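For reference, work.cif (mmCIF, N, CA and C atoms):
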data_start
#
loop_
_atom_site.label_atom_id
_atom_site.label_comp_id
_atom_site.auth_asym_id
_atom_site.auth_seq_id
_atom_site.Cartn_x
_atom_site.Cartn_y
_atom_site.Cartn_z
N GLN A 7 57.76 -7.79 3.86
CA GLN A 7 59.20 -7.61 3.98
C GLN A 7 59.60 -6.28 3.36
N VAL A 8 60.45 -5.55 4.05
CA VAL A 8 60.97 -4.27 3.57
C VAL A 8 62.48 -4.34 3.59
N GLN A 9 63.08 -3.97 2.49
CA GLN A 9 64.54 -3.86 2.44
C GLN A 9 64.92 -2.39 2.37
N LEU A 10 65.92 -2.02 3.16
CA LEU A 10 66.37 -0.63 3.24
C LEU A 10 67.81 -0.54 2.76
N VAL A 11 68.07 0.39 1.85
CA VAL A 11 69.42 0.56 1.32
C VAL A 11 69.83 2.02 1.45
N GLU A 12 70.87 2.25 2.26
CA GLU A 12 71.37 3.59 2.48
C GLU A 12 72.42 3.97 1.43
N SER A 13 72.53 5.27 1.20
CA SER A 13 73.58 5.79 0.33
C SER A 13 73.87 7.22 0.74
N GLY A 14 75.00 7.75 0.24
CA GLY A 14 75.32 9.15 0.48
C GLY A 14 76.41 9.40 1.50
N GLY A 15 76.88 8.35 2.16
CA GLY A 15 77.95 8.55 3.11
C GLY A 15 79.26 8.88 2.43
N GLY A 16 80.23 9.28 3.22
CA GLY A 16 81.54 9.61 2.67
C GLY A 16 82.37 10.40 3.64
N LEU A 17 83.44 10.98 3.12
CA LEU A 17 84.38 11.78 3.91
C LEU A 17 84.10 13.26 3.68
N VAL A 18 84.00 14.01 4.75
CA VAL A 18 83.73 15.44 4.66
C VAL A 18 84.51 16.16 5.75
N GLN A 19 84.87 17.40 5.49
CA GLN A 19 85.57 18.18 6.51
C GLN A 19 84.58 18.73 7.51
N ALA A 20 85.07 19.00 8.70
CA ALA A 20 84.24 19.61 9.73
C ALA A 20 83.63 20.91 9.20
N GLY A 21 82.34 21.10 9.52
CA GLY A 21 81.61 22.26 9.01
C GLY A 21 80.90 22.01 7.71
N GLY A 22 81.20 20.90 7.07
CA GLY A 22 80.58 20.57 5.79
C GLY A 22 79.23 19.91 5.93
N SER A 23 78.70 19.49 4.78
CA SER A 23 77.36 18.90 4.74
C SER A 23 77.37 17.61 3.93
N LEU A 24 76.43 16.74 4.27
CA LEU A 24 76.16 15.53 3.50
C LEU A 24 74.67 15.28 3.55
N ARG A 25 74.16 14.60 2.52
CA ARG A 25 72.78 14.15 2.55
C ARG A 25 72.74 12.64 2.35
N LEU A 26 72.18 11.97 3.33
CA LEU A 26 72.00 10.53 3.25
C LEU A 26 70.62 10.21 2.69
N SER A 27 70.55 9.13 1.95
CA SER A 27 69.28 8.64 1.43
C SER A 27 69.09 7.20 1.85
N CYS A 28 67.84 6.81 2.01
CA CYS A 28 67.50 5.42 2.33
C CYS A 28 66.32 5.04 1.45
N ALA A 29 66.58 4.15 0.51
CA ALA A 29 65.54 3.68 -0.40
C ALA A 29 64.94 2.39 0.12
N ALA A 30 63.62 2.34 0.17
CA ALA A 30 62.93 1.17 0.68
C ALA A 30 62.25 0.41 -0.44
N SER A 31 62.30 -0.89 -0.35
CA SER A 31 61.57 -1.74 -1.29
C SER A 31 60.22 -2.08 -0.68
N GLY A 32 59.33 -2.63 -1.46
CA GLY A 32 58.04 -3.01 -0.93
C GLY A 32 57.00 -1.92 -1.09
N ARG A 33 55.75 -2.28 -0.87
CA ARG A 33 54.64 -1.36 -1.10
C ARG A 33 54.07 -0.79 0.19
N THR A 34 54.76 -1.02 1.33
CA THR A 34 54.18 -0.60 2.61
C THR A 34 55.00 0.47 3.30
N PHE A 35 55.84 1.17 2.56
CA PHE A 35 56.75 2.16 3.14
C PHE A 35 56.00 3.17 3.99
N SER A 36 54.87 3.64 3.51
CA SER A 36 54.15 4.71 4.20
C SER A 36 53.49 4.25 5.50
N ARG A 37 53.54 2.97 5.79
CA ARG A 37 52.98 2.46 7.04
C ARG A 37 53.96 2.58 8.20
N TYR A 38 55.22 2.88 7.90
CA TYR A 38 56.25 2.85 8.92
C TYR A 38 56.73 4.24 9.30
N GLY A 39 56.95 4.42 10.62
CA GLY A 39 57.80 5.53 11.02
C GLY A 39 59.22 5.18 10.64
N MET A 40 59.96 6.17 10.19
CA MET A 40 61.32 5.93 9.71
C MET A 40 62.32 6.73 10.54
N GLY A 41 63.52 6.21 10.62
CA GLY A 41 64.52 6.92 11.40
C GLY A 41 65.93 6.62 10.97
N TRP A 42 66.83 7.40 11.53
CA TRP A 42 68.26 7.19 11.35
C TRP A 42 68.90 6.99 12.73
N PHE A 43 69.69 5.94 12.83
CA PHE A 43 70.51 5.68 13.99
C PHE A 43 71.96 5.77 13.55
N ARG A 44 72.86 5.88 14.52
CA ARG A 44 74.27 5.89 14.18
C ARG A 44 75.07 5.17 15.24
N GLN A 45 76.20 4.64 14.80
CA GLN A 45 77.08 3.91 15.72
C GLN A 45 78.51 4.34 15.45
N ALA A 46 79.09 5.01 16.42
CA ALA A 46 80.48 5.43 16.33
C ALA A 46 81.39 4.28 16.78
N PRO A 47 82.65 4.30 16.36
CA PRO A 47 83.57 3.23 16.75
C PRO A 47 83.64 3.08 18.27
N GLY A 48 83.44 1.86 18.74
CA GLY A 48 83.54 1.58 20.16
C GLY A 48 82.35 2.02 20.99
N LYS A 49 81.30 2.48 20.34
CA LYS A 49 80.13 2.96 21.07
C LYS A 49 78.89 2.19 20.65
N GLU A 50 77.85 2.31 21.45
CA GLU A 50 76.59 1.67 21.13
C GLU A 50 75.84 2.47 20.07
N ARG A 51 74.97 1.77 19.37
CA ARG A 51 74.13 2.42 18.38
C ARG A 51 73.16 3.38 19.10
N GLU A 52 73.00 4.58 18.53
CA GLU A 52 72.13 5.57 19.15
C GLU A 52 71.19 6.18 18.12
N PHE A 53 70.05 6.60 18.62
CA PHE A 53 69.05 7.26 17.78
C PHE A 53 69.55 8.65 17.39
N ALA A 54 69.30 9.05 16.13
CA ALA A 54 69.67 10.38 15.68
C ALA A 54 68.44 11.20 15.30
N ALA A 55 67.57 10.63 14.45
CA ALA A 55 66.42 11.38 13.96
C ALA A 55 65.32 10.43 13.53
N GLY A 56 64.06 10.88 13.65
CA GLY A 56 62.93 10.06 13.23
C GLY A 56 61.84 10.91 12.61
N ILE A 57 61.00 10.26 11.81
CA ILE A 57 59.92 10.95 11.13
C ILE A 57 58.69 10.04 11.09
N SER A 58 57.53 10.65 11.31
CA SER A 58 56.29 9.88 11.32
C SER A 58 55.96 9.37 9.91
N ARG A 59 54.99 8.49 9.84
CA ARG A 59 54.76 7.81 8.58
C ARG A 59 54.27 8.72 7.46
N ILE A 60 53.61 9.83 7.80
CA ILE A 60 53.20 10.75 6.74
C ILE A 60 54.07 12.00 6.72
N GLY A 61 55.09 12.05 7.57
CA GLY A 61 56.05 13.14 7.54
C GLY A 61 55.63 14.37 8.30
N SER A 62 54.55 14.29 9.06
CA SER A 62 54.05 15.47 9.76
C SER A 62 54.81 15.76 11.06
N ASN A 63 55.44 14.76 11.62
CA ASN A 63 56.18 14.94 12.88
C ASN A 63 57.60 14.41 12.74
N THR A 64 58.53 15.14 13.34
CA THR A 64 59.92 14.71 13.38
C THR A 64 60.43 14.79 14.81
N TYR A 65 61.50 14.04 15.05
CA TYR A 65 62.07 13.99 16.41
C TYR A 65 63.56 13.82 16.27
N TYR A 66 64.33 14.56 17.09
CA TYR A 66 65.78 14.54 16.97
C TYR A 66 66.45 14.31 18.32
N ALA A 67 67.59 13.66 18.26
CA ALA A 67 68.45 13.61 19.43
C ALA A 67 69.02 15.01 19.67
N ASP A 68 69.26 15.33 20.93
CA ASP A 68 69.80 16.65 21.26
C ASP A 68 71.12 16.92 20.54
N SER A 69 71.89 15.88 20.32
CA SER A 69 73.22 16.05 19.74
C SER A 69 73.18 16.51 18.28
N VAL A 70 72.05 16.32 17.60
CA VAL A 70 71.96 16.69 16.19
C VAL A 70 70.92 17.77 15.93
N LYS A 71 70.15 18.11 16.93
CA LYS A 71 69.06 19.07 16.76
C LYS A 71 69.61 20.41 16.26
N GLY A 72 68.95 20.96 15.25
CA GLY A 72 69.38 22.23 14.68
C GLY A 72 70.41 22.09 13.57
N ARG A 73 70.99 20.89 13.42
CA ARG A 73 71.99 20.67 12.37
C ARG A 73 71.53 19.64 11.35
N PHE A 74 70.76 18.66 11.80
CA PHE A 74 70.27 17.60 10.92
C PHE A 74 68.79 17.80 10.65
N THR A 75 68.36 17.42 9.45
CA THR A 75 66.95 17.46 9.08
C THR A 75 66.56 16.16 8.40
N ILE A 76 65.54 15.52 8.94
CA ILE A 76 65.03 14.28 8.35
C ILE A 76 63.79 14.62 7.53
N SER A 77 63.64 13.95 6.40
CA SER A 77 62.47 14.13 5.56
C SER A 77 62.18 12.82 4.84
N ARG A 78 61.02 12.74 4.24
CA ARG A 78 60.67 11.53 3.50
C ARG A 78 59.81 11.89 2.30
N ASP A 79 59.91 11.04 1.29
CA ASP A 79 59.08 11.18 0.10
C ASP A 79 58.40 9.84 -0.10
N ASN A 80 57.12 9.77 0.28
CA ASN A 80 56.41 8.49 0.20
C ASN A 80 56.10 8.08 -1.25
N THR A 81 56.20 9.02 -2.17
CA THR A 81 56.01 8.65 -3.58
C THR A 81 57.24 7.95 -4.15
N LYS A 82 58.37 8.16 -3.48
CA LYS A 82 59.63 7.53 -3.92
C LYS A 82 60.11 6.48 -2.93
N ASP A 83 59.34 6.24 -1.87
CA ASP A 83 59.74 5.26 -0.84
C ASP A 83 61.15 5.54 -0.33
N THR A 84 61.41 6.79 -0.02
CA THR A 84 62.76 7.19 0.37
C THR A 84 62.70 8.14 1.55
N VAL A 85 63.65 7.96 2.46
CA VAL A 85 63.82 8.88 3.58
C VAL A 85 65.22 9.48 3.48
N TYR A 86 65.33 10.73 3.88
CA TYR A 86 66.58 11.46 3.75
C TYR A 86 67.05 11.98 5.11
N LEU A 87 68.34 12.22 5.19
CA LEU A 87 68.91 12.90 6.35
C LEU A 87 69.89 13.94 5.84
N GLN A 88 69.50 15.20 5.93
CA GLN A 88 70.38 16.30 5.58
C GLN A 88 71.20 16.66 6.80
N MET A 89 72.51 16.59 6.67
CA MET A 89 73.40 16.84 7.79
C MET A 89 74.26 18.05 7.48
N ASN A 90 74.11 19.08 8.26
CA ASN A 90 74.87 20.32 8.10
C ASN A 90 75.76 20.56 9.31
N SER A 91 76.71 21.45 9.15
CA SER A 91 77.62 21.81 10.26
C SER A 91 78.18 20.56 10.93
N LEU A 92 78.67 19.66 10.13
CA LEU A 92 79.15 18.38 10.66
C LEU A 92 80.37 18.56 11.55
N LYS A 93 80.44 17.71 12.56
CA LYS A 93 81.53 17.73 13.53
C LYS A 93 82.25 16.39 13.51
N PRO A 94 83.50 16.35 13.93
CA PRO A 94 84.21 15.06 13.99
C PRO A 94 83.45 14.02 14.82
N GLU A 95 82.75 14.45 15.84
CA GLU A 95 82.00 13.49 16.67
C GLU A 95 80.76 12.93 15.97
N ASP A 96 80.44 13.42 14.79
CA ASP A 96 79.36 12.84 14.00
C ASP A 96 79.84 11.62 13.20
N THR A 97 81.14 11.37 13.23
CA THR A 97 81.69 10.22 12.53
C THR A 97 81.07 8.93 13.06
N ALA A 98 80.47 8.16 12.16
CA ALA A 98 79.77 6.94 12.57
C ALA A 98 79.25 6.21 11.33
N VAL A 99 78.83 4.99 11.54
CA VAL A 99 78.02 4.31 10.53
C VAL A 99 76.57 4.70 10.79
N TYR A 100 75.90 5.16 9.76
CA TYR A 100 74.52 5.60 9.88
C TYR A 100 73.60 4.53 9.31
N TYR A 101 72.61 4.16 10.11
CA TYR A 101 71.68 3.11 9.75
C TYR A 101 70.26 3.67 9.59
N CYS A 102 69.62 3.25 8.54
CA CYS A 102 68.21 3.55 8.32
C CYS A 102 67.38 2.48 9.03
N ALA A 103 66.24 2.90 9.60
CA ALA A 103 65.40 1.97 10.34
C ALA A 103 63.93 2.24 10.07
N ALA A 104 63.15 1.18 10.09
CA ALA A 104 61.70 1.27 9.93
C ALA A 104 61.02 0.66 11.14
N SER A 105 60.01 1.35 11.64
CA SER A 105 59.30 0.87 12.83
C SER A 105 57.80 1.01 12.66
N SER A 106 57.08 -0.03 13.08
CA SER A 106 55.62 -0.02 13.02
C SER A 106 55.01 0.33 14.37
N SER A 107 55.84 0.72 15.34
CA SER A 107 55.27 1.09 16.64
C SER A 107 54.42 2.34 16.51
N ALA A 108 53.48 2.48 17.43
CA ALA A 108 52.57 3.63 17.37
C ALA A 108 53.32 4.95 17.51
N THR A 109 54.30 4.99 18.42
CA THR A 109 55.04 6.23 18.62
C THR A 109 55.88 6.59 17.39
N ALA A 110 56.36 5.59 16.70
CA ALA A 110 57.12 5.85 15.48
C ALA A 110 56.21 6.33 14.36
N GLN A 111 55.10 5.65 14.18
CA GLN A 111 54.18 6.01 13.11
C GLN A 111 53.61 7.41 13.30
N ILE A 112 53.28 7.75 14.52
CA ILE A 112 52.57 9.01 14.79
C ILE A 112 53.52 10.15 15.11
N MET A 113 54.57 9.86 15.90
CA MET A 113 55.43 10.92 16.41
C MET A 113 56.82 10.93 15.81
N GLY A 114 57.20 9.85 15.16
CA GLY A 114 58.56 9.78 14.64
C GLY A 114 59.58 9.44 15.71
N VAL A 115 59.11 8.89 16.82
CA VAL A 115 60.01 8.49 17.90
C VAL A 115 60.29 6.99 17.76
N LEU A 116 61.54 6.66 17.48
CA LEU A 116 61.92 5.28 17.28
C LEU A 116 62.84 4.83 18.41
N SER A 117 62.74 3.58 18.75
CA SER A 117 63.60 3.00 19.78
C SER A 117 64.21 1.71 19.27
N SER A 118 65.51 1.52 19.59
CA SER A 118 66.18 0.29 19.17
C SER A 118 66.06 -0.81 20.21
N SER A 119 65.21 -0.62 21.20
CA SER A 119 65.00 -1.68 22.18
C SER A 119 64.32 -2.86 21.51
N VAL A 120 64.29 -3.98 22.23
CA VAL A 120 63.76 -5.21 21.65
C VAL A 120 62.36 -4.98 21.09
N GLY A 121 62.19 -5.34 19.81
CA GLY A 121 60.89 -5.19 19.19
C GLY A 121 60.58 -3.82 18.67
N GLY A 122 61.50 -2.88 18.85
CA GLY A 122 61.21 -1.51 18.46
C GLY A 122 61.40 -1.22 16.99
N ILE A 123 62.29 -1.96 16.35
CA ILE A 123 62.61 -1.74 14.94
C ILE A 123 62.26 -3.00 14.15
N ASN A 124 61.50 -2.80 13.09
CA ASN A 124 61.13 -3.93 12.26
C ASN A 124 62.21 -4.28 11.22
N TYR A 125 62.80 -3.23 10.66
CA TYR A 125 63.80 -3.44 9.62
C TYR A 125 64.96 -2.47 9.77
N TRP A 126 66.15 -2.96 9.48
CA TRP A 126 67.37 -2.16 9.47
C TRP A 126 68.01 -2.21 8.09
N GLY A 127 68.65 -1.09 7.72
CA GLY A 127 69.53 -1.12 6.58
C GLY A 127 70.90 -1.61 7.02
N LYS A 128 71.82 -1.73 6.07
CA LYS A 128 73.16 -2.24 6.38
C LYS A 128 74.11 -1.13 6.79
N GLY A 129 73.72 0.11 6.58
CA GLY A 129 74.52 1.22 7.05
C GLY A 129 75.39 1.87 5.99
N THR A 130 75.71 3.13 6.22
CA THR A 130 76.62 3.88 5.36
C THR A 130 77.54 4.69 6.26
N LEU A 131 78.83 4.71 5.93
CA LEU A 131 79.83 5.32 6.78
C LEU A 131 79.96 6.81 6.48
N VAL A 132 79.91 7.60 7.54
CA VAL A 132 80.17 9.03 7.46
C VAL A 132 81.40 9.34 8.30
N THR A 133 82.38 9.95 7.66
CA THR A 133 83.61 10.32 8.35
C THR A 133 83.80 11.82 8.25
N VAL A 134 83.94 12.46 9.39
CA VAL A 134 84.12 13.91 9.43
C VAL A 134 85.53 14.19 9.94
N SER A 135 86.34 14.83 9.12
CA SER A 135 87.71 15.13 9.50
C SER A 135 87.80 16.51 10.12
N SER A 136 88.74 16.66 11.03
CA SER A 136 88.90 17.95 11.72
C SER A 136 89.86 18.86 10.99
#
Represent the structure of the file as structure tokens.
Amino acid sequence: QVQLVESGGGLVQAGGSLRLSCAASGRTFSRYGMGWFRQAPGKEREFAAGISRIGSNTYYADSVKGRFTISRDNTKDTVYLQMNSLKPEDTAVYYCAASSSATAQIMGVLSSSVGGINYWGKGTLVTVSS
């Protein structure tokens, strides 16, 4: 069992930055590809960024590429999402996710389809004002 707890969300002006953290419990953190998903009001949850289990590969949605950076520290069982140049359309609840799929572990590609995510965090709200 892995529990994921996100932190770092808040209110920021457009063009600003935030860093999200996701702390994992348990001793198997390094076995999982990790990722961040987000869900804006009235929209479906979507993939934002992912990282392979040893941090060698990352993968981003086109909407965040070049602005967001995902990283992980397996000694601290924590994954991060550095968000720069934030836009109002980045406003969403951000969820941390862990996946044991091969593509997640090796490539950092995570999918929220059935069976794709083993564990979810409860989310942290990011609000970007214009």
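Interatomic distance, atom CA of A:Trp126 to atom CA of A:Thr109: 17.5 Å.
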Excluding stretch 75-81 of chain A and residues on its chain fewer than 3 positions from it, collect all residues at most 6.5 Å away from it, counting all atoms listed in the file, and give them as a PyMOL selection string.
chain A and resi 36+55-57+61+84-90
Give me the residues within 8 Å of A:Pro47 as a PDB file with N, CA and C atoms, in the coordinates of the input, counting all atoms listed in the file and dropping any in the same chain fewer than 2 places off.
ATOM      1  N   ARG A  44      72.860   5.880  14.520  1.00  0.00           N
ATOM      2  CA  ARG A  44      74.270   5.890  14.180  1.00  0.00           C
ATOM      3  C   ARG A  44      75.070   5.170  15.240  1.00  0.00           C
ATOM      4  N   GLN A  45      76.200   4.640  14.800  1.00  0.00           N
ATOM      5  CA  GLN A  45      77.080   3.910  15.720  1.00  0.00           C
ATOM      6  C   GLN A  45      78.510   4.340  15.450  1.00  0.00           C
ATOM      7  N   LYS A  49      81.300   2.480  20.340  1.00  0.00           N
ATOM      8  CA  LYS A  49      80.130   2.960  21.070  1.00  0.00           C
ATOM      9  C   LYS A  49      78.890   2.190  20.650  1.00  0.00           C
ATOM     10  N   GLU A  50      77.850   2.310  21.450  1.00  0.00           N
ATOM     11  CA  GLU A  50      76.590   1.670  21.130  1.00  0.00           C
ATOM     12  C   GLU A  50      75.840   2.470  20.070  1.00  0.00           C
ATOM     13  N   THR A  97      81.140  11.370  13.230  1.00  0.00           N
ATOM     14  CA  THR A  97      81.690  10.220  12.530  1.00  0.00           C
ATOM     15  C   THR A  97      81.070   8.930  13.060  1.00  0.00           C
ATOM     16  N   ALA A  98      80.470   8.160  12.160  1.00  0.00           N
ATOM     17  CA  ALA A  98      79.770   6.940  12.570  1.00  0.00           C
ATOM     18  C   ALA A  98      79.250   6.210  11.330  1.00  0.00           C
ATOM     19  N   VAL A  99      78.830   4.990  11.540  1.00  0.00           N
ATOM     20  CA  VAL A  99      78.020   4.310  10.530  1.00  0.00           C
ATOM     21  C   VAL A  99      76.570   4.700  10.790  1.00  0.00           C
TER      22      VAL A  99
END
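In this structure, atom N of A:Gln19 sits 22.5 Å away from atom C of A:Gly41.
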If you run DSSP on the backbone, which residues of chain A are strand (DSSP E), as a ChimeraX atom specification?
/A:10-13,16-19,24-30,39-45,52-57,64-66,74-79,84-89,98-105,125-126,130-135
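Of the listed residues (A:Ala108, A:Asp83, A:Ser23, A:Gly16), A:Asp83 comes nearest to A:Phe35; the distances count all atoms listed in the file.
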Computed gap from atom N of A:Leu92 to atom CA of A:Gly72 is 10.7 Å
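The nearest approach to A:Ser136 among the residues A:Gly121, A:Gly48, A:Ser27, A:Asp96, with only C-alpha atoms taken into account, belongs to A:Asp96.
Nearest residue to A:Leu131 among A:Tyr66, A:Phe43, A:Tyr38, A:Phe53 is A:Phe43, counting only C-alpha atoms.
Residue nearest A:Gly129, chosen from A:Ala67, A:Leu17, A:Leu10, A:Met40 and counting all atoms listed in the file: A:Leu10.
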